[in-house]
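Shown below: start.cif, with mmCIF, C-alpha atoms.
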data_model
loop_
_atom_site.group_PDB
_atom_site.id
_atom_site.type_symbol
_atom_site.label_atom_id
_atom_site.label_comp_id
_atom_site.auth_asym_id
_atom_site.auth_seq_id
_atom_site.Cartn_x
_atom_site.Cartn_y
_atom_site.Cartn_z
ATOM 1 C CA MET A 1 -88.807 71.417 58.681
ATOM 2 C CA ARG A 2 -85.796 73.347 57.458
ATOM 3 C CA PRO A 3 -86.253 77.105 57.771
ATOM 4 C CA ASP A 4 -85.429 77.532 54.086
ATOM 5 C CA ALA A 5 -87.796 74.795 52.873
ATOM 6 C CA ALA A 6 -90.577 75.937 50.591
ATOM 7 C CA PRO A 7 -93.911 76.453 52.328
ATOM 8 C CA LYS A 8 -96.459 73.657 51.898
ATOM 9 C CA GLY A 9 -98.453 73.842 48.717
ATOM 10 C CA SER A 10 -95.907 75.854 46.728
ATOM 11 C CA THR A 11 -94.676 74.395 43.456
ATOM 12 C CA VAL A 12 -91.187 73.009 43.084
ATOM 13 C CA ALA A 13 -89.551 71.791 39.895
ATOM 14 C CA ARG A 14 -87.157 68.887 40.459
ATOM 15 C CA TYR A 15 -84.256 67.905 38.240
ATOM 16 C CA VAL A 16 -81.602 65.243 38.461
ATOM 17 C CA VAL A 17 -78.136 65.791 37.024
ATOM 18 C CA ASP A 18 -76.021 62.661 36.565
ATOM 19 C CA VAL A 19 -72.326 63.232 36.039
ATOM 20 C CA MET A 20 -70.095 60.386 34.844
ATOM 21 C CA PRO A 21 -66.424 60.209 33.938
ATOM 22 C CA LYS A 22 -66.076 60.008 30.145
ATOM 23 C CA ARG A 23 -65.747 56.444 28.875
ATOM 24 C CA GLU A 24 -62.181 56.960 27.674
ATOM 25 C CA ILE A 25 -61.068 58.364 31.021
ATOM 26 C CA LEU A 26 -59.657 56.087 33.663
ATOM 27 C CA ASP A 27 -61.996 55.902 36.645
ATOM 28 C CA PRO A 28 -59.818 54.869 39.601
ATOM 29 C CA GLN A 29 -62.735 55.005 42.046
ATOM 30 C CA GLY A 30 -64.807 52.638 39.923
ATOM 31 C CA LYS A 31 -61.763 50.380 39.621
ATOM 32 C CA ALA A 32 -61.373 50.309 43.397
ATOM 33 C CA VAL A 33 -65.005 49.253 43.825
ATOM 34 C CA LEU A 34 -64.607 46.677 41.057
ATOM 35 C CA GLY A 35 -61.621 45.259 42.923
ATOM 36 C CA ALA A 36 -63.523 45.044 46.209
ATOM 37 C CA LEU A 37 -66.644 43.257 44.936
ATOM 38 C CA PRO A 38 -65.076 39.812 44.300
ATOM 39 C CA ARG A 39 -63.636 39.896 47.821
ATOM 40 C CA LEU A 40 -67.235 40.117 49.062
ATOM 41 C CA GLY A 41 -68.213 37.125 46.982
ATOM 42 C CA PHE A 42 -69.777 39.003 44.052
ATOM 43 C CA ASP A 43 -68.363 37.157 41.061
ATOM 44 C CA GLY A 44 -68.718 37.983 37.402
ATOM 45 C CA VAL A 45 -68.725 41.782 37.807
ATOM 46 C CA SER A 46 -66.953 43.044 34.704
ATOM 47 C CA GLU A 47 -67.120 46.817 35.143
ATOM 48 C CA VAL A 48 -67.953 49.501 37.683
ATOM 49 C CA ARG A 49 -67.914 53.201 36.946
ATOM 50 C CA GLN A 50 -68.535 55.783 39.622
ATOM 51 C CA GLY A 51 -70.211 59.116 39.053
ATOM 52 C CA LYS A 52 -72.178 61.760 40.890
ATOM 53 C CA ARG A 53 -75.888 62.502 41.142
ATOM 54 C CA PHE A 54 -77.270 65.938 41.937
ATOM 55 C CA GLU A 55 -80.891 66.535 42.885
ATOM 56 C CA ILE A 56 -81.881 70.116 42.280
ATOM 57 C CA GLU A 57 -85.082 71.893 43.200
ATOM 58 C CA LEU A 58 -86.191 75.199 41.731
ATOM 59 C CA ASP A 59 -89.134 77.350 42.701
ATOM 60 C CA GLY A 60 -92.068 77.189 40.310
ATOM 61 C CA GLU A 61 -93.324 74.814 37.623
ATOM 62 C CA ALA A 62 -90.965 72.697 35.571
ATOM 63 C CA ASP A 63 -90.504 74.462 32.242
ATOM 64 C CA GLU A 64 -88.004 74.992 29.446
ATOM 65 C CA GLN A 65 -86.384 77.908 31.238
ATOM 66 C CA HIS A 66 -85.720 75.861 34.396
ATOM 67 C CA LEU A 67 -84.350 73.015 32.296
ATOM 68 C CA ALA A 68 -82.034 75.403 30.457
ATOM 69 C CA ASP A 69 -80.868 76.841 33.790
ATOM 70 C CA VAL A 70 -80.062 73.392 35.179
ATOM 71 C CA ARG A 71 -78.171 72.528 31.991
ATOM 72 C CA ARG A 72 -76.130 75.685 32.445
ATOM 73 C CA MET A 73 -75.421 74.724 36.085
ATOM 74 C CA ALA A 74 -74.225 71.334 34.899
ATOM 75 C CA GLU A 75 -71.983 72.833 32.238
ATOM 76 C CA THR A 76 -70.397 75.542 34.365
ATOM 77 C CA LEU A 77 -70.082 73.914 37.773
ATOM 78 C CA LEU A 78 -71.481 70.436 38.324
ATOM 79 C CA ALA A 79 -69.479 68.742 35.555
ATOM 80 C CA ASN A 80 -66.095 69.404 34.003
ATOM 81 C CA PRO A 81 -66.714 68.756 30.290
ATOM 82 C CA VAL A 82 -63.017 67.961 29.792
ATOM 83 C CA ILE A 83 -63.343 64.749 31.789
ATOM 84 C CA GLU A 84 -67.050 64.222 32.462
ATOM 85 C CA ASP A 85 -70.367 63.790 30.649
ATOM 86 C CA TYR A 86 -73.660 64.790 32.193
ATOM 87 C CA THR A 87 -77.351 64.192 31.650
ATOM 88 C CA VAL A 88 -80.198 66.314 32.983
ATOM 89 C CA THR A 89 -83.585 64.751 33.609
ATOM 90 C CA SER A 90 -86.772 66.212 34.938
ATOM 91 C CA ALA A 91 -87.855 64.325 38.066
ATOM 92 C CA GLU A 92 -91.401 63.689 39.232
ATOM 93 C CA PRO A 93 -92.350 65.542 42.394
ATOM 94 C CA SER A 94 -92.014 63.173 45.349
ATOM 95 C CA MET B 95 -41.388 92.746 42.789
ATOM 96 C CA ARG B 96 -44.655 92.264 44.728
ATOM 97 C CA ILE B 97 -45.989 88.741 44.388
ATOM 98 C CA GLY B 98 -49.472 87.948 45.695
ATOM 99 C CA VAL B 99 -50.187 84.591 47.332
ATOM 100 C CA VAL B 100 -53.877 83.699 47.490
ATOM 101 C CA THR B 101 -55.321 81.995 50.550
ATOM 102 C CA PHE B 102 -58.477 79.967 49.952
ATOM 103 C CA PRO B 103 -60.310 78.112 52.726
ATOM 104 C CA GLY B 104 -58.256 74.903 52.825
ATOM 105 C CA SER B 105 -55.053 76.271 51.310
ATOM 106 C CA LEU B 106 -52.037 74.603 52.953
ATOM 107 C CA ASP B 107 -48.954 75.940 51.244
ATOM 108 C CA ASP B 108 -49.646 79.666 51.172
ATOM 109 C CA GLY B 109 -47.182 80.211 54.037
ATOM 110 C CA ASP B 110 -44.429 78.291 52.276
ATOM 111 C CA ALA B 111 -45.132 80.061 48.979
ATOM 112 C CA ALA B 112 -44.870 83.465 50.659
ATOM 113 C CA ARG B 113 -41.620 82.372 52.309
ATOM 114 C CA ALA B 114 -40.221 81.235 48.955
ATOM 115 C CA VAL B 115 -41.095 84.609 47.449
ATOM 116 C CA ARG B 116 -39.225 86.388 50.258
ATOM 117 C CA LEU B 117 -36.203 84.074 49.998
ATOM 118 C CA ALA B 118 -36.071 84.920 46.306
ATOM 119 C CA GLY B 119 -35.904 88.615 47.117
ATOM 120 C CA GLY B 120 -39.524 89.489 46.385
ATOM 121 C CA GLU B 121 -42.224 90.974 48.553
ATOM 122 C CA ALA B 122 -44.989 88.505 49.386
ATOM 123 C CA VAL B 123 -48.479 90.008 49.546
ATOM 124 C CA GLY B 124 -51.280 87.975 51.102
ATOM 125 C CA LEU B 125 -54.459 87.878 48.992
ATOM 126 C CA TRP B 126 -57.802 86.632 50.301
ATOM 127 C CA HIS B 127 -60.130 84.431 48.272
ATOM 128 C CA ALA B 128 -63.208 86.471 49.140
ATOM 129 C CA ASP B 129 -61.725 89.843 48.142
ATOM 130 C CA ALA B 130 -61.917 90.872 44.492
ATOM 131 C CA ASP B 131 -58.668 92.769 45.020
ATOM 132 C CA LEU B 132 -55.139 91.947 43.866
ATOM 133 C CA LYS B 133 -53.665 94.848 45.903
ATOM 134 C CA GLY B 134 -51.649 96.028 42.922
ATOM 135 C CA VAL B 135 -49.337 92.993 42.843
ATOM 136 C CA ASP B 136 -47.075 92.230 39.865
ATOM 137 C CA ALA B 137 -47.717 88.471 39.881
ATOM 138 C CA VAL B 138 -49.873 85.891 41.648
ATOM 139 C CA VAL B 139 -49.227 82.446 43.112
ATOM 140 C CA LEU B 140 -52.137 80.055 43.681
ATOM 141 C CA PRO B 141 -50.752 77.707 46.336
ATOM 142 C CA GLY B 142 -51.297 74.036 47.059
ATOM 143 C CA GLY B 143 -53.777 72.544 49.476
ATOM 144 C CA PHE B 144 -57.355 71.370 49.448
ATOM 145 C CA SER B 145 -59.324 74.535 48.763
ATOM 146 C CA TYR B 146 -62.984 74.157 49.700
ATOM 147 C CA GLY B 147 -62.152 70.633 50.845
ATOM 148 C CA ASP B 148 -61.769 69.548 47.199
ATOM 149 C CA TYR B 149 -65.582 69.318 47.228
ATOM 150 C CA LEU B 150 -67.207 68.609 43.863
ATOM 151 C CA ARG B 151 -63.847 68.520 42.043
ATOM 152 C CA CYS B 152 -60.434 69.882 43.009
ATOM 153 C CA GLY B 153 -60.479 73.598 42.229
ATOM 154 C CA ALA B 154 -64.075 73.630 40.983
ATOM 155 C CA ILE B 155 -65.437 75.889 43.736
ATOM 156 C CA SER B 156 -62.312 78.048 44.053
ATOM 157 C CA ARG B 157 -62.634 78.984 40.423
ATOM 158 C CA PHE B 158 -65.662 81.100 41.327
ATOM 159 C CA ALA B 159 -64.047 82.841 44.321
ATOM 160 C CA PRO B 160 -64.138 86.647 43.949
ATOM 161 C CA VAL B 161 -60.349 86.864 43.809
ATOM 162 C CA MET B 162 -60.284 84.514 40.801
ATOM 163 C CA THR B 163 -62.307 86.936 38.663
ATOM 164 C CA GLU B 164 -59.454 89.403 39.152
ATOM 165 C CA VAL B 165 -56.767 86.748 38.594
ATOM 166 C CA VAL B 166 -58.378 85.633 35.316
ATOM 167 C CA ALA B 167 -58.638 89.240 34.106
ATOM 168 C CA ALA B 168 -55.045 90.030 35.107
ATOM 169 C CA ALA B 169 -53.770 86.836 33.477
ATOM 170 C CA GLY B 170 -55.494 87.962 30.291
ATOM 171 C CA ARG B 171 -53.499 91.189 30.448
ATOM 172 C CA GLY B 172 -50.264 89.182 30.772
ATOM 173 C CA MET B 173 -49.695 89.144 34.520
ATOM 174 C CA PRO B 174 -47.573 86.151 35.562
ATOM 175 C CA VAL B 175 -49.645 83.544 37.426
ATOM 176 C CA LEU B 176 -48.245 80.330 38.913
ATOM 177 C CA GLY B 177 -50.571 77.597 40.145
ATOM 178 C CA ILE B 178 -48.944 74.907 42.251
ATOM 179 C CA CYS B 179 -50.726 71.569 42.774
ATOM 180 C CA ASN B 180 -54.220 72.665 43.907
ATOM 181 C CA GLY B 181 -53.389 75.976 42.197
ATOM 182 C CA PHE B 182 -52.767 74.059 38.943
ATOM 183 C CA GLN B 183 -56.156 72.375 39.391
ATOM 184 C CA ILE B 184 -57.778 75.787 39.894
ATOM 185 C CA LEU B 185 -56.122 77.141 36.722
ATOM 186 C CA CYS B 186 -57.483 74.216 34.700
ATOM 187 C CA GLU B 187 -60.966 74.625 36.176
ATOM 188 C CA SER B 188 -60.746 78.363 35.375
ATOM 189 C CA HIS B 189 -59.871 77.521 31.742
ATOM 190 C CA LEU B 190 -56.675 79.548 32.021
ATOM 191 C CA LEU B 191 -54.933 76.266 31.205
ATOM 192 C CA PRO B 192 -56.244 73.368 29.102
ATOM 193 C CA GLY B 193 -56.871 69.839 30.312
ATOM 194 C CA ALA B 194 -57.718 68.555 33.765
ATOM 195 C CA LEU B 195 -56.091 66.853 36.744
ATOM 196 C CA THR B 196 -57.544 63.524 37.762
ATOM 197 C CA ARG B 197 -57.073 61.010 40.529
ATOM 198 C CA ASN B 198 -53.676 59.316 40.477
ATOM 199 C CA ASP B 199 -53.891 56.150 38.360
ATOM 200 C CA HIS B 200 -52.498 54.011 41.224
ATOM 201 C CA ARG B 201 -55.219 55.416 43.531
ATOM 202 C CA THR B 202 -52.873 56.346 46.345
ATOM 203 C CA PHE B 203 -51.549 59.676 47.522
ATOM 204 C CA VAL B 204 -47.987 60.212 46.352
ATOM 205 C CA CYS B 205 -45.302 62.098 48.273
ATOM 206 C CA ARG B 206 -41.760 61.855 46.938
ATOM 207 C CA ASP B 207 -38.710 63.773 45.819
ATOM 208 C CA GLN B 208 -39.349 63.852 42.093
ATOM 209 C CA ARG B 209 -36.838 64.254 39.266
ATOM 210 C CA LEU B 210 -38.054 66.707 36.645
ATOM 211 C CA ARG B 211 -36.840 68.281 33.454
ATOM 212 C CA ILE B 212 -37.632 71.991 33.077
ATOM 213 C CA GLU B 213 -38.350 71.896 29.354
ATOM 214 C CA SER B 214 -39.320 75.520 28.855
ATOM 215 C CA ASN B 215 -37.430 78.453 30.318
ATOM 216 C CA ARG B 216 -39.426 80.866 28.192
ATOM 217 C CA THR B 217 -41.971 81.572 30.931
ATOM 218 C CA PRO B 218 -41.391 84.302 33.526
ATOM 219 C CA TRP B 219 -41.476 81.605 36.219
ATOM 220 C CA THR B 220 -38.787 79.407 34.669
ATOM 221 C CA SER B 221 -36.520 82.017 33.080
ATOM 222 C CA SER B 222 -33.786 81.405 35.686
ATOM 223 C CA TYR B 223 -33.402 77.738 34.719
ATOM 224 C CA ALA B 224 -30.886 76.544 32.140
ATOM 225 C CA ALA B 225 -32.485 74.969 29.088
ATOM 226 C CA ASN B 226 -33.630 71.423 29.929
ATOM 227 C CA ALA B 227 -32.359 71.684 33.496
ATOM 228 C CA GLU B 228 -32.872 68.487 35.492
ATOM 229 C CA VAL B 229 -34.002 69.182 39.022
ATOM 230 C CA THR B 230 -35.455 67.448 42.087
ATOM 231 C CA ILE B 231 -38.613 68.944 43.558
ATOM 232 C CA VAL B 232 -41.015 67.304 45.982
ATOM 233 C CA ILE B 233 -44.412 66.194 44.714
ATOM 234 C CA LYS B 234 -47.408 65.413 46.930
ATOM 235 C CA ASN B 235 -50.853 64.866 45.508
ATOM 236 C CA GLY B 236 -53.819 62.558 45.249
ATOM 237 C CA GLU B 237 -55.211 64.014 42.046
ATOM 238 C CA GLY B 238 -52.260 64.969 39.892
ATOM 239 C CA GLY B 239 -52.798 62.958 36.730
ATOM 240 C CA PHE B 240 -52.791 65.463 33.882
ATOM 241 C CA ILE B 241 -55.128 64.568 31.047
ATOM 242 C CA ALA B 242 -56.225 66.304 27.884
ATOM 243 C CA ASP B 243 -57.497 65.148 24.524
ATOM 244 C CA GLU B 244 -55.018 64.239 21.796
ATOM 245 C CA PRO B 245 -55.255 67.533 19.811
ATOM 246 C CA THR B 246 -54.611 69.505 23.020
ATOM 247 C CA LEU B 247 -51.602 67.346 23.891
ATOM 248 C CA GLU B 248 -50.234 67.785 20.373
ATOM 249 C CA ARG B 249 -50.642 71.542 20.626
ATOM 250 C CA LEU B 250 -48.940 71.680 24.049
ATOM 251 C CA GLU B 251 -46.011 69.620 22.749
ATOM 252 C CA GLY B 252 -45.798 71.407 19.389
ATOM 253 C CA GLU B 253 -45.861 74.872 20.908
ATOM 254 C CA GLY B 254 -43.293 74.035 23.587
ATOM 255 C CA ARG B 255 -45.795 74.590 26.363
ATOM 256 C CA VAL B 256 -44.807 71.547 28.435
ATOM 257 C CA VAL B 257 -42.907 73.442 31.112
ATOM 258 C CA ALA B 258 -41.862 70.474 33.262
ATOM 259 C CA ARG B 259 -41.837 66.733 32.660
ATOM 260 C CA TYR B 260 -41.430 63.853 35.110
ATOM 261 C CA LEU B 261 -38.194 61.881 34.838
ATOM 262 C CA ASP B 262 -37.510 58.309 36.008
ATOM 263 C CA VAL B 263 -40.997 57.691 37.458
ATOM 264 C CA ASN B 264 -44.398 58.982 36.408
ATOM 265 C CA PRO B 265 -45.880 59.537 39.877
ATOM 266 C CA ASN B 266 -49.566 59.850 38.996
ATOM 267 C CA GLY B 267 -50.338 58.632 35.486
ATOM 268 C CA SER B 268 -50.023 62.041 33.794
ATOM 269 C CA LEU B 269 -50.236 61.767 30.024
ATOM 270 C CA HIS B 270 -46.878 62.392 28.291
ATOM 271 C CA ASP B 271 -45.315 62.496 31.801
ATOM 272 C CA ILE B 272 -46.480 66.108 32.029
ATOM 273 C CA ALA B 273 -45.693 67.822 35.357
ATOM 274 C CA GLY B 274 -46.434 71.382 34.295
ATOM 275 C CA ILE B 275 -47.738 73.418 31.385
ATOM 276 C CA ALA B 276 -48.071 77.035 30.281
ATOM 277 C CA ASN B 277 -50.743 78.988 28.439
ATOM 278 C CA GLU B 278 -50.075 80.243 24.890
ATOM 279 C CA ARG B 279 -48.581 83.498 26.075
ATOM 280 C CA GLY B 280 -46.434 81.749 28.689
ATOM 281 C CA ASN B 281 -47.419 83.979 31.603
ATOM 282 C CA VAL B 282 -49.705 81.383 33.225
ATOM 283 C CA VAL B 283 -47.964 78.242 34.463
ATOM 284 C CA GLY B 284 -49.472 75.264 36.276
ATOM 285 C CA LEU B 285 -47.220 72.837 38.086
ATOM 286 C CA MET B 286 -47.990 69.699 40.090
ATOM 287 C CA PRO B 287 -44.671 69.518 42.018
ATOM 288 C CA HIS B 288 -44.005 72.014 44.823
ATOM 289 C CA PRO B 289 -41.053 74.343 44.177
ATOM 290 C CA GLU B 290 -41.963 76.334 47.313
ATOM 291 C CA HIS B 291 -40.970 73.294 49.397
ATOM 292 C CA ALA B 292 -37.556 73.086 47.707
ATOM 293 C CA VAL B 293 -36.018 76.429 48.598
ATOM 294 C CA GLU B 294 -33.879 75.705 51.661
ATOM 295 C CA GLU B 295 -31.203 73.093 52.407
ATOM 296 C CA LEU B 296 -32.542 72.549 55.922
ATOM 297 C CA THR B 297 -35.782 71.037 54.699
ATOM 298 C CA GLY B 298 -36.520 68.885 51.684
ATOM 299 C CA ALA B 299 -34.327 67.610 48.929
ATOM 300 C CA GLY B 300 -32.456 70.801 48.118
ATOM 301 C CA THR B 301 -33.058 74.228 46.660
ATOM 302 C CA ASP B 302 -33.921 73.374 43.066
ATOM 303 C CA GLY B 303 -37.318 75.040 43.417
ATOM 304 C CA LEU B 304 -36.066 78.486 44.333
ATOM 305 C CA ALA B 305 -35.478 79.453 40.697
ATOM 306 C CA PHE B 306 -39.253 79.443 40.126
ATOM 307 C CA PHE B 307 -39.357 82.515 42.333
ATOM 308 C CA THR B 308 -35.995 84.132 41.522
ATOM 309 C CA GLY B 309 -36.938 84.113 37.823
ATOM 310 C CA LEU B 310 -39.550 86.780 38.385
ATOM 311 C CA THR B 311 -37.487 88.945 40.696
ATOM 312 C CA ALA B 312 -34.570 88.777 38.245
ATOM 313 C CA LEU B 313 -36.865 89.874 35.420
ATOM 314 C CA ALA B 314 -38.087 92.759 37.555
ATOM 315 C CA ALA B 315 -34.526 93.815 38.342
ATOM 316 C CA ALA B 316 -33.581 93.656 34.665
ATOM 317 C CA GLY B 317 -36.730 95.503 33.602
#
Any chance you could give the structure as structure tokens?
Amino acid sequence: MRPDAAPKGSTVARYVVDVMPKREILDPQGKAVLGALPRLGFDGVSEVRQGKRFEIELDGEADEQHLADVRRMAETLLANPVIEDYTVTSAEPS
Amino acid sequence: MRIGVVTFPGSLDDGDAARAVRLAGGEAVGLWHADADLKGVDAVVLPGGFSYGDYLRCGAISRFAPVMTEVVAAAGRGMPVLGICNGFQILCESHLLPGALTRNDHRTFVCRDQRLRIESNRTPWTSSYAANAEVTIVIKNGEGGFIADEPTLERLEGEGRVVARYLDVNPNGSLHDIAGIANERGNVVGLMPHPEHAVEELTGAGTDGLAFFTGLTALAAAG
């Protein structure tokens, strides 16, 4: 167990932030993957876009305040709104 | 003229930038990313490299370094700030400059002697250049493609804020062949090519980059 992990029984709110390059923006990484797939025998793949997924845990119950905080994290740091879109979803505790 | 050069974890070109400042007759002052202190400098250079390992996005973490709070405030008061390569990325992430720098469209790192046109000599960093001077300055980046939405591009073009434009070859897919831009006031300039590597005949393709640093010292002497 990590020393900073929450003690057993305490409540943790989990959120997932997905960050994707905007549709109109060239995604060279997705293009590279798209180019590699046919070489592996995967035919008929017409598009691949590559993004990032962040899993965030906050102390306490999931609530509006936590959701607003995670949205602010996404806006200020996790995504660059000039080139990326993001979605925030509340995740079930695992 | 005291010109600060910021060192972030992962900066590569801070030494060369400081050397360019000295060759141009200025005093180079080392600034540290973790210190919210500009040591009373007259201008700041954010050098190239891979600050914070380019984690998350190039420049995204550096933007929140303590020194950047001071740089953003000083830029707002009109202090000249030059961001080179990774420094340009940091300026965009800091919203001191519009747009963003994305992975090169051809997906490979580019390193070449690049022809450029210096289209604006109305910034403190380019005031030593003749109008529309054509120069050769090395470029080296993996994520140098400048992009912005159409209204932003129109504003940059209309207000003469495209400071440098690629000639002959667009090395990274930058929209409008943009190599460098300035903020509205002109004191903040971001540049993908590396003028600090083009200051001595012994190394590189010539000394066309030196004027980026002599411009400031000349202004100081005149002032």
Residues of chain B no more than 9 Å from chain A, counting only C-alpha atoms: send them over as a list in words.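 Going by the stated atoms only, the list reads Leu150, Arg151, Ala154, Ile155, Glu187, Pro192, Gly193, Ala194, Thr196, Arg197, Asn198, Asp199, His200, Arg201, Ile241, Ala242 and Asp243 of chain B.
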Quick one: which residues end up in the PyMOL selection byres ((chain A and resi 20) around 7) for this structure, as a VMD selection string? chain A and resid 18 to 19 21 to 22 50 to 52 84 to 86
Please identify all polymer residues within 6 Å of segment 162-179 of chain B, counting all atoms listed in the file, omitting same-chain residues fewer than 4 positions from it, and present them as an MDAnalysis selection string. chainID B and resid 137:142 281:286
Can you tell me, as a list in words, which residues sit within 10 Å of (-56.7, 75.1, 53.9) in the file's frame, using all atoms listed in the file?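 Residues found, by chain and rising number: Thr101, Phe102, Pro103, Gly104, Ser105, Leu106, Asp107, Asp108, Pro141, Gly142, Gly143, Phe144, Ser145, Tyr146 and Gly147 of chain B.
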Quick one: residues within 10 Å of segment 63-65 of chain A, all atoms listed in the file, excluding same-chain residues fewer than 5 positions away - as a PyMOL selection string? chain A and resi 13+70-71+90
Grab the residues selected above and save them as a compact mmCIF listing (two decimals), keeping the file's coordinate frame with C-alpha atoms.
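Just written: out_32.txt:
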# COMPACT_ATOMS: atom_id res chain seq x y z
CA ALA A 13 -89.55 71.79 39.90
CA VAL A 70 -80.06 73.39 35.18
CA ARG A 71 -78.17 72.53 31.99
CA SER A 90 -86.77 66.21 34.94
Tell me which of A:Val17, A:Val45, A:Arg53, A:Ala62 sits closest to Glu75 of chain A, counting only C-alpha atoms. A:Val17
Counting only C-alpha atoms, what is within 8 Å of segment 223-237 of chain B, bar same-chain residues fewer than 2 positions away, as a ChimeraX atom specification? /B:152,179,195-198,201-215,220-221,239,266,286-289,291-292,298-300,302-303,305,309
Using only C-alpha atoms, which protein or nucleic acid residues come within 8 Å of Thr11 of chain A? Drop anything in the same chain fewer than 2 positions from it, and give the result as a PDB file with C-alpha atoms, in the coordinates of the input.
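What ended up in part-v3.pdb:
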ATOM      1  CA  GLY A   9     -98.453  73.842  48.717  1.00  0.00           C
ATOM      2  CA  ALA A  13     -89.551  71.791  39.895  1.00  0.00           C
ATOM      3  CA  ASP A  59     -89.134  77.350  42.701  1.00  0.00           C
ATOM      4  CA  GLY A  60     -92.068  77.189  40.310  1.00  0.00           C
ATOM      5  CA  GLU A  61     -93.324  74.814  37.623  1.00  0.00           C
TER       6      GLU A  61
END
Please, what distance in Å, to one decimal, runs between atom CA of Gly119 of chain B and atom CA of Val99 of chain B?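 Between these atoms lies a distance of 14.8 Å.
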Written as an MDAnalysis selection string, what is the full residue list that the PyMOL selection byres ((chain A and resi 46) around 12) yields on the file shown? chainID A and resid 30:31 33:35 37:38 42:45 47:49
Please list as a list in words every residue within 7 Å of Gly120 of chain B, counting all atoms listed in the file and excluding residues in the same chain fewer than 2 positions away.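 The filter keeps Met95, Arg96, Ile97, Val115, Arg116, Ala118, Ala122 and Thr311 of chain B.
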Could you turn the residues from that selection into a file that holds C-alpha atoms, as a short mmCIF file (atom, residue, chain, number, x, y, z; two decimals), in the frame of the given file?
data_model
loop_
_atom_site.label_atom_id
_atom_site.label_comp_id
_atom_site.auth_asym_id
_atom_site.auth_seq_id
_atom_site.Cartn_x
_atom_site.Cartn_y
_atom_site.Cartn_z
CA MET B 95 -41.39 92.75 42.79
CA ARG B 96 -44.66 92.26 44.73
CA ILE B 97 -45.99 88.74 44.39
CA VAL B 115 -41.10 84.61 47.45
CA ARG B 116 -39.22 86.39 50.26
CA ALA B 118 -36.07 84.92 46.31
CA ALA B 122 -44.99 88.50 49.39
CA THR B 311 -37.49 88.94 40.70
#
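Atom CA of Ser156 of chain B sits 27.2 Å away from atom CA of Glu244 of chain B.
The spacing separating atom CA of Tyr149 of chain B from atom CA of Gly181 of chain B amounts to 14.8 Å.
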Written-out segment 20-50 of chain A (C-alpha atoms) as an mmCIF file, in the first residue's frame:
data_model
loop_
_atom_site.group_PDB
_atom_site.id
_atom_site.type_symbol
_atom_site.label_atom_id
_atom_site.label_comp_id
_atom_site.auth_asym_id
_atom_site.auth_seq_id
_atom_site.Cartn_x
_atom_site.Cartn_y
_atom_site.Cartn_z
ATOM 1 C CA MET A 20 -9.063 14.715 -27.228
ATOM 2 C CA PRO A 21 -7.551 16.846 -29.967
ATOM 3 C CA LYS A 22 -10.284 18.993 -31.538
ATOM 4 C CA ARG A 23 -11.777 17.437 -34.665
ATOM 5 C CA GLU A 24 -10.415 20.154 -36.942
ATOM 6 C CA ILE A 25 -6.888 19.767 -35.590
ATOM 7 C CA LEU A 26 -4.465 17.415 -37.248
ATOM 8 C CA ASP A 27 -3.647 14.511 -34.946
ATOM 9 C CA PRO A 28 -0.263 13.193 -36.112
ATOM 10 C CA GLN A 29 -0.144 10.533 -33.390
ATOM 11 C CA GLY A 30 -3.513 9.126 -34.423
ATOM 12 C CA LYS A 31 -2.343 9.206 -38.038
ATOM 13 C CA ALA A 32 0.771 7.234 -37.132
ATOM 14 C CA VAL A 33 -1.331 4.551 -35.440
ATOM 15 C CA LEU A 34 -3.729 4.536 -38.390
ATOM 16 C CA GLY A 35 -0.765 3.949 -40.688
ATOM 17 C CA ALA A 36 0.547 1.063 -38.586
ATOM 18 C CA LEU A 37 -2.695 -0.925 -38.275
ATOM 19 C CA PRO A 38 -2.921 -2.165 -41.900
ATOM 20 C CA ARG A 39 0.671 -3.390 -41.632
ATOM 21 C CA LEU A 40 -0.532 -5.645 -38.800
ATOM 22 C CA GLY A 41 -3.327 -6.981 -40.953
ATOM 23 C CA PHE A 42 -6.146 -4.811 -39.572
ATOM 24 C CA ASP A 43 -7.946 -3.722 -42.722
ATOM 25 C CA GLY A 44 -10.797 -1.286 -43.081
ATOM 26 C CA VAL A 45 -9.723 1.066 -40.269
ATOM 27 C CA SER A 46 -10.762 4.500 -41.491
ATOM 28 C CA GLU A 47 -9.763 6.740 -38.584
ATOM 29 C CA VAL A 48 -7.784 6.748 -35.355
ATOM 30 C CA ARG A 49 -7.576 9.695 -33.006
ATOM 31 C CA GLN A 50 -5.384 9.659 -29.940
#
